[in-house]
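See below for my_file38.cif, which holds mmCIF, C-alpha atoms.
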data_input
#
loop_
_atom_site.label_atom_id
_atom_site.label_comp_id
_atom_site.auth_asym_id
_atom_site.auth_seq_id
_atom_site.Cartn_x
_atom_site.Cartn_y
_atom_site.Cartn_z
CA MET B 250 116.60 123.21 116.48
CA ALA B 251 116.33 119.46 117.13
CA GLN B 252 112.54 119.66 117.10
CA ARG B 253 112.52 121.53 113.78
CA THR B 254 114.97 119.02 112.30
CA VAL B 255 112.99 116.00 113.41
CA SER B 256 109.79 117.53 112.03
CA TYR B 257 111.30 117.34 108.54
CA GLY B 258 110.57 113.63 108.77
CA TRP B 259 106.92 114.41 108.09
CA ILE B 260 107.92 116.19 104.87
CA VAL B 261 109.82 113.06 103.88
CA VAL B 262 106.69 111.04 104.66
CA ALA B 263 104.48 113.33 102.53
CA ALA B 264 106.89 113.34 99.60
CA SER B 265 107.26 109.57 99.79
CA ALA B 266 103.49 109.08 99.78
CA ALA B 267 103.11 111.34 96.72
CA ILE B 268 105.80 109.46 94.80
CA ILE B 269 104.34 106.07 95.70
CA CYS B 270 100.91 107.37 94.68
CA ILE B 271 102.07 107.95 91.11
CA GLY B 272 104.26 104.86 90.87
CA MET B 273 101.90 102.27 92.32
CA GLY B 274 98.84 103.96 90.83
CA THR B 275 100.21 103.52 87.31
CA LEU B 276 101.10 99.90 88.07
CA PHE B 277 97.57 99.08 89.24
CA SER B 278 96.06 100.95 86.28
CA LEU B 279 96.78 97.89 84.12
CA GLY B 280 93.57 96.40 85.53
CA VAL B 281 91.64 99.35 84.08
CA PHE B 282 93.38 98.96 80.71
CA LEU B 283 92.71 95.20 80.57
CA VAL B 284 89.50 95.19 78.52
CA PRO B 285 90.40 98.15 76.24
CA ILE B 286 93.72 96.49 75.38
CA GLU B 287 91.98 93.14 74.84
CA ARG B 288 89.49 94.71 72.42
CA ALA B 289 92.06 96.84 70.57
CA THR B 290 94.76 94.21 70.14
CA GLY B 291 93.03 90.83 70.33
CA TRP B 292 95.36 89.66 73.11
CA SER B 293 93.63 87.38 75.62
CA ARG B 294 93.11 88.27 79.27
CA GLY B 295 95.56 85.53 80.22
CA GLN B 296 98.22 87.05 77.96
CA ILE B 297 97.62 90.54 79.34
CA SER B 298 97.59 89.19 82.89
CA THR B 299 101.06 87.77 82.20
CA VAL B 300 102.15 91.40 81.96
CA ALA B 301 101.04 91.81 85.57
CA LEU B 302 103.15 88.79 86.54
CA LEU B 303 106.16 90.36 84.84
CA ASN B 304 105.29 93.65 86.54
CA TRP B 305 105.48 92.15 89.99
CA ILE B 306 108.53 89.98 89.33
CA ALA B 307 110.39 92.98 87.94
CA MET B 308 109.17 95.15 90.81
CA GLY B 309 110.31 92.57 93.33
CA VAL B 310 113.76 92.31 91.78
CA GLY B 311 113.85 96.09 91.56
CA SER B 312 112.80 96.50 95.19
CA PHE B 313 115.70 94.34 96.31
CA ALA B 314 118.24 95.94 93.94
CA TRP B 315 117.09 99.50 94.62
CA GLY B 316 116.87 98.73 98.35
CA VAL B 317 120.49 97.56 98.48
CA LEU B 318 121.50 100.67 96.53
CA SER B 319 119.52 102.95 98.86
CA ASP B 320 121.43 101.54 101.85
CA ARG B 321 124.61 102.74 100.15
CA ILE B 322 123.73 106.01 98.39
CA GLY B 323 120.42 107.03 100.01
CA GLY B 324 116.84 107.21 98.78
CA ARG B 325 116.86 110.46 96.79
CA GLY B 326 119.08 109.30 93.90
CA VAL B 327 117.31 105.96 93.73
CA VAL B 328 113.88 107.60 93.47
CA MET B 329 114.96 110.08 90.79
CA ALA B 330 116.37 107.28 88.65
CA GLY B 331 113.21 105.24 89.17
CA GLY B 332 111.00 108.18 88.23
CA PHE B 333 112.85 108.70 84.96
CA LEU B 334 112.61 105.00 84.06
CA LEU B 335 108.92 104.84 84.99
CA GLY B 336 108.01 107.70 82.65
CA LEU B 337 110.11 106.15 79.90
CA GLY B 338 108.49 102.74 80.36
CA LEU B 339 104.94 104.13 80.19
CA VAL B 340 105.68 106.23 77.10
CA LEU B 341 107.25 103.27 75.31
CA ALA B 342 104.41 100.94 76.38
CA SER B 343 101.89 103.33 74.84
CA GLN B 344 103.56 102.74 71.47
CA ALA B 345 103.90 98.95 71.73
CA GLN B 346 102.60 97.12 68.65
CA THR B 347 103.30 93.53 69.66
CA LEU B 348 102.74 91.54 72.82
CA TRP B 349 106.45 91.03 73.49
CA GLN B 350 107.04 94.79 73.22
CA PHE B 351 104.31 95.35 75.81
CA TYR B 352 105.87 92.68 78.02
CA VAL B 353 109.24 94.42 77.92
CA THR B 354 108.02 97.99 78.35
CA PHE B 355 105.07 97.82 80.74
CA GLY B 356 105.88 94.42 82.20
CA VAL B 357 109.61 94.70 82.86
CA LEU B 358 110.62 98.37 82.65
CA VAL B 359 107.61 99.83 84.48
CA GLY B 360 107.73 97.09 87.12
CA PHE B 361 111.46 97.46 87.75
CA SER B 362 111.23 101.24 87.99
CA VAL B 363 108.33 101.17 90.49
CA GLY B 364 110.54 98.97 92.68
CA ALA B 365 112.61 102.10 93.34
CA PHE B 366 109.81 103.64 95.41
CA TYR B 367 108.02 101.61 98.07
CA ALA B 368 110.78 99.64 99.80
CA PRO B 369 113.51 102.34 99.60
CA LEU B 370 111.16 105.15 100.67
CA THR B 371 109.70 103.11 103.50
CA SER B 372 113.24 102.39 104.66
CA THR B 373 114.14 106.08 104.47
CA ALA B 374 111.03 107.15 106.39
CA THR B 375 111.66 104.73 109.27
CA LYS B 376 115.02 106.41 109.93
CA TRP B 377 113.25 109.64 110.93
CA PHE B 378 111.11 108.16 113.70
CA THR B 379 111.38 106.23 116.93
CA GLU B 380 107.91 106.94 118.33
CA ARG B 381 104.92 106.94 115.97
CA ARG B 382 106.92 104.90 113.48
CA GLY B 383 103.81 102.83 112.75
CA LEU B 384 101.86 105.95 111.81
CA ALA B 385 104.71 107.27 109.65
CA VAL B 386 105.09 104.02 107.71
CA ALA B 387 101.30 103.79 107.35
CA LEU B 388 101.17 107.28 105.84
CA VAL B 389 103.91 106.38 103.36
CA SER B 390 102.03 103.21 102.47
CA SER B 391 98.80 105.17 102.05
CA GLY B 392 100.27 106.53 98.84
CA ILE B 393 99.31 103.19 97.28
CA GLY B 394 95.68 103.70 98.20
CA VAL B 395 95.68 107.28 96.94
CA GLY B 396 97.24 106.05 93.71
CA ILE B 397 94.49 103.49 93.17
CA LEU B 398 91.85 106.08 94.09
CA VAL B 399 93.19 108.78 91.73
CA ILE B 400 95.05 107.07 88.90
CA SER B 401 92.52 104.30 88.11
CA PRO B 402 89.57 106.67 87.41
CA LEU B 403 91.95 109.02 85.58
CA ALA B 404 93.14 106.17 83.37
CA ARG B 405 89.50 105.17 82.73
CA ALA B 406 88.50 108.75 81.86
CA LEU B 407 91.47 109.24 79.51
CA THR B 408 90.78 105.91 77.82
CA THR B 409 87.09 106.83 77.33
CA ALA B 410 88.00 110.25 75.93
CA TRP B 411 90.73 108.99 73.58
CA ASP B 412 92.11 105.45 73.85
CA TRP B 413 94.39 103.36 76.07
CA ARG B 414 97.54 104.46 74.24
CA VAL B 415 96.92 108.16 74.85
CA ALA B 416 96.01 107.42 78.47
CA MET B 417 99.25 105.53 79.04
CA LEU B 418 101.28 108.28 77.35
CA VAL B 419 99.73 110.91 79.64
CA LEU B 420 100.51 108.78 82.72
CA GLY B 421 104.14 108.61 81.61
CA ASP B 422 104.33 112.39 81.37
CA ILE B 423 102.74 112.73 84.82
CA ALA B 424 105.36 110.37 86.25
CA TRP B 425 108.16 112.59 84.97
CA LEU B 426 106.51 115.84 86.05
CA VAL B 427 105.65 114.72 89.59
CA ILE B 428 108.17 112.13 90.76
CA ILE B 429 111.47 113.70 89.74
CA PRO B 430 110.84 117.15 91.32
CA THR B 431 109.26 115.63 94.44
CA ALA B 432 112.27 113.39 94.92
CA LEU B 433 114.32 116.50 95.71
CA LEU B 434 112.44 116.71 99.03
CA ILE B 435 113.74 113.31 100.14
CA ARG B 436 116.55 113.58 102.68
CA ASP B 437 118.60 110.74 104.13
CA ASP B 438 120.31 112.64 106.96
CA ALA B 439 117.78 111.70 109.63
CA PRO B 440 118.94 112.83 113.10
CA VAL B 441 116.86 110.27 114.99
CA THR B 442 117.83 106.61 115.18
CA ALA B 443 116.98 103.74 117.46
CA ARG B 444 120.46 104.00 118.95
CA ALA B 445 120.02 107.72 119.66
CA ALA B 446 116.86 106.91 121.57
CA GLY B 447 118.75 104.51 123.80
CA ARG B 448 117.38 101.31 122.29
CA PRO B 449 119.69 98.44 121.38
CA GLU B 450 119.83 98.12 117.62
CA PRO B 451 119.74 94.71 115.91
CA ALA B 452 123.10 93.94 114.29
CA TYR B 453 122.60 91.89 111.13
CA SER B 454 124.60 91.78 107.94
CA SER B 455 122.81 91.42 104.61
CA ALA B 456 123.83 87.77 104.38
CA GLN B 457 122.58 87.05 107.91
CA VAL B 458 119.20 88.57 107.07
CA LEU B 459 118.66 86.18 104.19
CA ARG B 460 119.64 83.18 106.34
CA ALA B 461 117.43 84.12 109.29
CA PRO B 462 114.34 81.89 109.79
CA GLN B 463 112.31 84.94 110.83
CA PHE B 464 113.08 86.62 107.50
CA TRP B 465 111.42 83.73 105.71
CA ALA B 466 108.49 83.74 108.13
CA ILE B 467 107.87 87.42 107.33
CA ALA B 468 108.50 87.00 103.61
CA LEU B 469 106.25 83.94 103.16
CA THR B 470 103.43 85.54 105.15
CA HIS B 471 103.71 88.60 102.92
CA PHE B 472 103.81 86.33 99.85
CA ALA B 473 100.59 84.52 100.81
CA CYS B 474 98.88 87.79 101.77
CA CYS B 475 99.72 89.38 98.40
CA ALA B 476 98.89 86.26 96.39
CA ALA B 477 95.47 86.30 98.05
CA HIS B 478 94.50 89.91 97.37
CA SER B 479 96.30 90.65 94.08
CA GLY B 480 93.92 88.68 91.85
CA PRO B 481 90.79 90.23 93.37
CA ILE B 482 92.31 93.72 93.08
CA PHE B 483 93.62 93.31 89.53
CA HIS B 484 90.43 91.71 88.17
CA MET B 485 87.97 93.75 90.25
CA VAL B 486 87.03 96.11 87.41
CA THR B 487 86.72 93.34 84.83
CA HIS B 488 84.71 91.08 87.17
CA ALA B 489 82.32 93.91 87.95
CA THR B 490 81.77 94.74 84.27
CA ASP B 491 81.18 91.05 83.56
CA GLN B 492 78.34 91.23 86.11
CA GLY B 493 76.76 94.13 84.20
CA VAL B 494 78.20 97.02 86.21
CA PRO B 495 78.99 100.05 83.96
CA ALA B 496 82.70 100.50 83.18
CA MET B 497 83.09 103.84 84.98
CA ALA B 498 81.23 102.55 88.03
CA ALA B 499 83.45 99.47 88.08
CA ALA B 500 86.58 101.63 87.94
CA ALA B 501 85.10 103.75 90.73
CA ALA B 502 84.69 100.61 92.87
CA LEU B 503 88.42 100.01 92.50
CA GLY B 504 88.94 103.62 93.52
CA VAL B 505 86.74 103.08 96.58
CA SER B 506 88.91 100.15 97.63
CA GLY B 507 91.93 102.38 97.27
CA LEU B 508 90.31 105.10 99.40
CA SER B 509 89.38 102.57 102.07
CA SER B 510 92.89 101.17 102.03
CA ILE B 511 94.18 104.59 103.06
CA ALA B 512 92.06 104.48 106.21
CA GLY B 513 93.12 100.87 106.72
CA ARG B 514 96.82 101.67 106.40
CA ILE B 515 96.69 104.60 108.79
CA GLY B 516 94.45 102.75 111.22
CA GLY B 517 96.58 99.62 111.02
CA GLY B 518 99.76 101.55 111.76
CA MET B 519 98.21 103.36 114.73
CA ILE B 520 96.71 100.16 116.14
CA ALA B 521 100.05 98.37 115.76
CA ASP B 522 101.76 101.18 117.71
CA ARG B 523 99.36 100.44 120.56
CA LEU B 524 98.48 96.73 120.41
CA GLY B 525 101.56 95.32 118.69
CA VAL B 526 102.28 94.27 115.12
CA LYS B 527 101.47 90.57 115.42
CA ARG B 528 97.96 90.95 116.84
CA THR B 529 97.09 93.67 114.34
CA LEU B 530 98.42 91.65 111.42
CA ILE B 531 96.50 88.49 112.32
CA GLY B 532 93.25 90.43 112.74
CA GLY B 533 93.68 92.16 109.39
CA LEU B 534 94.53 88.93 107.59
CA LEU B 535 91.42 87.22 108.98
CA LEU B 536 89.21 90.07 107.77
CA GLN B 537 90.87 89.98 104.36
CA ALA B 538 90.24 86.23 103.94
CA ALA B 539 86.56 86.55 104.83
CA ILE B 540 85.85 89.47 102.53
CA ILE B 541 87.60 87.90 99.52
CA ALA B 542 85.29 84.89 99.79
CA ALA B 543 82.28 87.22 99.92
CA TYR B 544 83.06 88.57 96.42
CA VAL B 545 81.57 85.38 94.97
CA LEU B 546 78.13 86.74 95.94
CA ALA B 547 78.56 90.24 94.43
CA ARG B 548 76.24 91.10 91.53
CA GLU B 549 75.07 94.73 91.73
CA ALA B 550 77.15 97.89 91.77
CA TRP B 551 76.24 98.65 95.40
CA SER B 552 77.55 95.25 96.52
CA PHE B 553 80.90 95.88 94.80
CA TYR B 554 81.11 99.27 96.53
CA ALA B 555 80.29 97.77 99.92
CA LEU B 556 82.80 94.97 99.55
CA ALA B 557 85.42 97.42 98.27
CA VAL B 558 85.15 99.45 101.48
CA VAL B 559 85.87 96.46 103.73
CA PHE B 560 88.34 94.81 101.36
CA GLY B 561 90.37 97.99 101.00
CA THR B 562 90.43 98.49 104.76
CA ALA B 563 91.63 94.92 105.27
CA TYR B 564 94.42 94.68 102.71
CA GLY B 565 95.46 98.27 103.35
CA GLY B 566 95.65 97.70 107.10
CA VAL B 567 98.12 94.83 106.88
CA MET B 568 100.50 96.22 104.29
CA PRO B 569 102.52 98.67 106.44
CA LEU B 570 102.97 96.03 109.16
CA TYR B 571 105.49 93.98 107.21
CA ALA B 572 107.81 96.98 106.99
CA LEU B 573 107.42 97.61 110.72
CA VAL B 574 108.28 94.07 111.76
CA THR B 575 111.18 93.94 109.28
CA ARG B 576 112.60 97.18 110.70
CA GLU B 577 112.26 95.98 114.28
CA TYR B 578 113.83 92.59 113.61
CA PHE B 579 116.72 93.60 111.39
CA GLY B 580 117.45 97.24 112.21
CA GLU B 581 118.17 100.44 110.32
CA LYS B 582 121.53 99.54 108.78
CA VAL B 583 120.19 96.86 106.44
CA MET B 584 116.54 97.96 106.31
CA GLY B 585 116.63 98.69 102.58
CA THR B 586 118.14 95.30 101.83
CA ALA B 587 115.93 93.36 104.27
CA TYR B 588 112.64 94.95 103.28
CA GLY B 589 113.60 94.92 99.61
CA ALA B 590 114.13 91.15 99.89
CA VAL B 591 110.82 90.69 101.72
CA PHE B 592 109.10 92.74 99.05
CA LEU B 593 110.77 90.66 96.32
CA VAL B 594 109.16 87.51 97.72
CA SER B 595 105.79 89.21 98.20
CA SER B 596 105.89 90.58 94.65
CA LEU B 597 105.98 87.04 93.30
CA GLY B 598 102.71 86.50 95.14
CA MET B 599 101.24 89.65 93.61
CA GLY B 600 102.23 88.51 90.13
CA LEU B 601 101.00 84.95 90.53
CA GLY B 602 97.65 86.07 91.93
CA SER B 603 97.08 88.47 89.03
CA LEU B 604 98.10 85.83 86.47
CA ALA B 605 95.89 83.19 88.11
CA GLY B 606 92.83 85.36 87.63
CA GLY B 607 93.42 85.69 83.89
CA VAL B 608 94.17 82.00 83.44
CA ILE B 609 91.10 80.95 85.45
CA TYR B 610 88.89 83.26 83.38
CA ASP B 611 90.31 82.00 80.08
CA ARG B 612 89.75 78.38 81.15
CA LEU B 613 86.41 78.64 82.98
CA GLY B 614 84.86 81.87 81.71
CA ALA B 615 84.23 83.26 85.22
CA TYR B 616 86.09 84.53 88.27
CA ALA B 617 84.31 82.56 91.04
CA TRP B 618 87.17 80.07 91.51
CA LEU B 619 89.66 82.93 91.67
CA TYR B 620 87.91 84.37 94.72
CA LEU B 621 87.49 81.01 96.44
CA GLY B 622 91.11 80.04 95.83
CA SER B 623 92.31 83.47 96.96
CA ALA B 624 90.34 83.13 100.19
CA LEU B 625 92.07 79.81 100.96
CA VAL B 626 95.50 81.38 100.35
CA ALA B 627 94.49 84.28 102.60
CA PHE B 628 93.75 81.86 105.45
CA MET B 629 97.20 80.31 104.89
CA ALA B 630 98.68 83.78 105.49
CA VAL B 631 96.89 83.89 108.85
CA LEU B 632 98.49 80.61 109.90
CA LEU B 633 101.93 81.79 108.80
CA ALA B 634 101.56 85.00 110.82
CA PHE B 635 101.19 82.92 113.98
CA THR B 636 104.80 81.71 113.47
CA PHE B 637 106.26 85.16 114.17
CA ARG B 638 108.54 84.89 117.21
CA ARG B 639 110.54 87.39 119.22
CA PRO B 640 114.25 86.86 118.40
CA SER B 641 116.69 86.62 121.29
CA GLY B 642 119.16 89.40 121.99
CA VAL B 643 117.46 92.25 120.08
CA HIS B 644 114.76 94.77 120.90
CA VAL B 645 111.57 93.97 118.99
CA ARG B 646 108.12 95.40 119.68
CA LEU B 647 106.07 92.65 118.11
CA GLU B 648 103.77 92.96 121.08
CA ALA B 649 102.32 96.12 122.55
CA PRO B 650 104.37 98.11 125.06
CA ALA B 651 103.21 97.57 128.62
CA ALA B 652 101.96 101.15 128.97
CA ALA B 653 99.60 100.68 126.02
CA ARG B 654 97.97 97.50 127.30
#

Please re-express this file's structure in structure tokens.
Amino acid sequence: MAQRTVSYGWIVVAASAAIICIGMGTLFSLGVFLVPIERATGWSRGQISTVALLNWIAMGVGSFAWGVLSDRIGGRGVVMAGGFLLGLGLVLASQAQTLWQFYVTFGVLVGFSVGAFYAPLTSTATKWFTERRGLAVALVSSGIGVGILVISPLARALTTAWDWRVAMLVLGDIAWLVIIPTALLIRDDAPVTARAAGRPEPAYSSAQVLRAPQFWAIALTHFACCAAHSGPIFHMVTHATDQGVPAMAAAAALGVSGLSSIAGRIGGGMIADRLGVKRTLIGGLLLQAAIIAAYVLAREAWSFYALAVVFGTAYGGVMPLYALVTREYFGEKVMGTAYGAVFLVSSLGMGLGSLAGGVIYDRLGAYAWLYLGSALVAFMAVLLAFTFRRPSGVHVRLEAPAAAR
């Protein structure tokens, strides 16, 4: 009976990944819509990129708010509410006639609703596992990669067949039809906890989390990491088309990065289970910094595909690790709050990186300085990751267990 009950955790993981696929996939689809919206409305790339900034600010605030709520009422209700709001936001955004309307609908409402998924569902999934927690969190996180792989080409195909408004309307309907029913599979009554496995559990209150130096070390590392890769991800399709790559091939390159990020997320989680979070994170951040700089040299479609494979592996590999280290430092009780707060800080980095790309293009007419600046920020993330320290008095597996060394 216990074995059958624990195995339900993998159903929670699968449902969480599917929900995150739709939510994050629609969020990242704005990069595909960038040029069609620019041509149809006359709004500049900088103005449209501001929507991405609002997206990530709203998502960050939502991640914290929904995370606090999930600690109190559980993940299922939070996800159902978020799914309803996401569909509503996309449908309303498809009808926006002015820039401010698009800011409110896609920028604020879509961003806030997507915040109901990643942090709360990651928190819920960690409650079901003691061993193989890295793999479980990585599989949940892989929903982001699947979303980029599936939703971006779908958005491109719908836009080519009709226009961006119809494409966004269809995505809103998909959000309602997939997320709300799938949320019914989410359960919060996990039978396995760190305490049940005989491990001492960190005892932090929500206020203590926000005052802890290690919280800010994790959050600022995540911020720099996201600020570094968000611009290259968001402007990947547009940069490729500017270099003469066909629009569908450019969207496919974004999809390739999403596919590679799935392998990176799963591989990163498994490696962290064996070698420790800190070592895995530093290695992934170094690879990310190097490959971002290499985008300056990309010209042909094949080069964008090749870089997308490595880039996706790198940024995908590091993303689940922040949830793992947050869970190990601050425990199950306040996981939703702690990781929601970390994600809030990191979301500011995602928004600023996306906005920077649009502003740089509007000012300079090219993306080269975006990639060089992003590479420097990525190296800053590496330095910040070296500041992670084992806190006294709690059980944290930042390093690999002795048996795995």

List the residues selected by the PyMOL selection byres ((chain B and resi 607) around 9) in the file shown, writing them as number ranges by chain.
-> B: 293-299, 480, 484, 603-606, 608-612, 616

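Closest to Ala624 of chain B among B:Ser390, B:Thr409, B:Ser510, B:Gln537 is B:Gln537, based on all atoms listed in the file.
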
Find the residues near Gly360 of chain B: any atom within 10 Å, counting only C-alpha atoms, skip ones fewer than 6 places away on the same chain, and give them as number ranges by chain.
-> B: 272-273, 275-276, 300-312, 334-335, 338, 353-354

Rank B:Ala512, B:Ala473, B:Ala461, B:Val631 by their smallest atom-to-atom distance to Thr575 of chain B, using all atoms listed in the file, and report the top residue only.
->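 Looking at the shortest contact to Thr575 of chain B, the residue is B:Ala461.
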
Care to translate the PyMOL selection byres ((chain B and resi 493-497) around 9) into actual residues of this file, as a list in words?
-> Pro402, Arg405, Ala406, Val486, Thr487, His488, Ala489, Thr490, Asp491, Gln492, Ala498, Ala499, Ala500, Ala501, Ala502, Arg548, Glu549 and Ala550 of chain B

Can you list, as a count of residues only, every protein, DNA or RNA residue that comes within 12 Å of Leu388 of chain B when you count all atoms listed in the file, leaving out same-chain residues fewer than 6 positions away?
-> 36

Atom CA of Gly602 of chain B and atom CA of Leu556 of chain B are how many Å apart?
->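 Those two atoms sit 18.9 Å apart.
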
May I ask which of the residues B:Thr408, B:Ala330, B:Ile400, B:Trp292 is the closest one to Tyr352 of chain B, counting only C-alpha atoms?
->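 Result for the nearest residue to Tyr352 of chain B: B:Trp292.
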
Selection result for the PyMOL selection byres ((chain B and resi 526) around 7) on this file, as a PyMOL selection string | chain B and resi 521+524-525+527-530+570+574+647-648
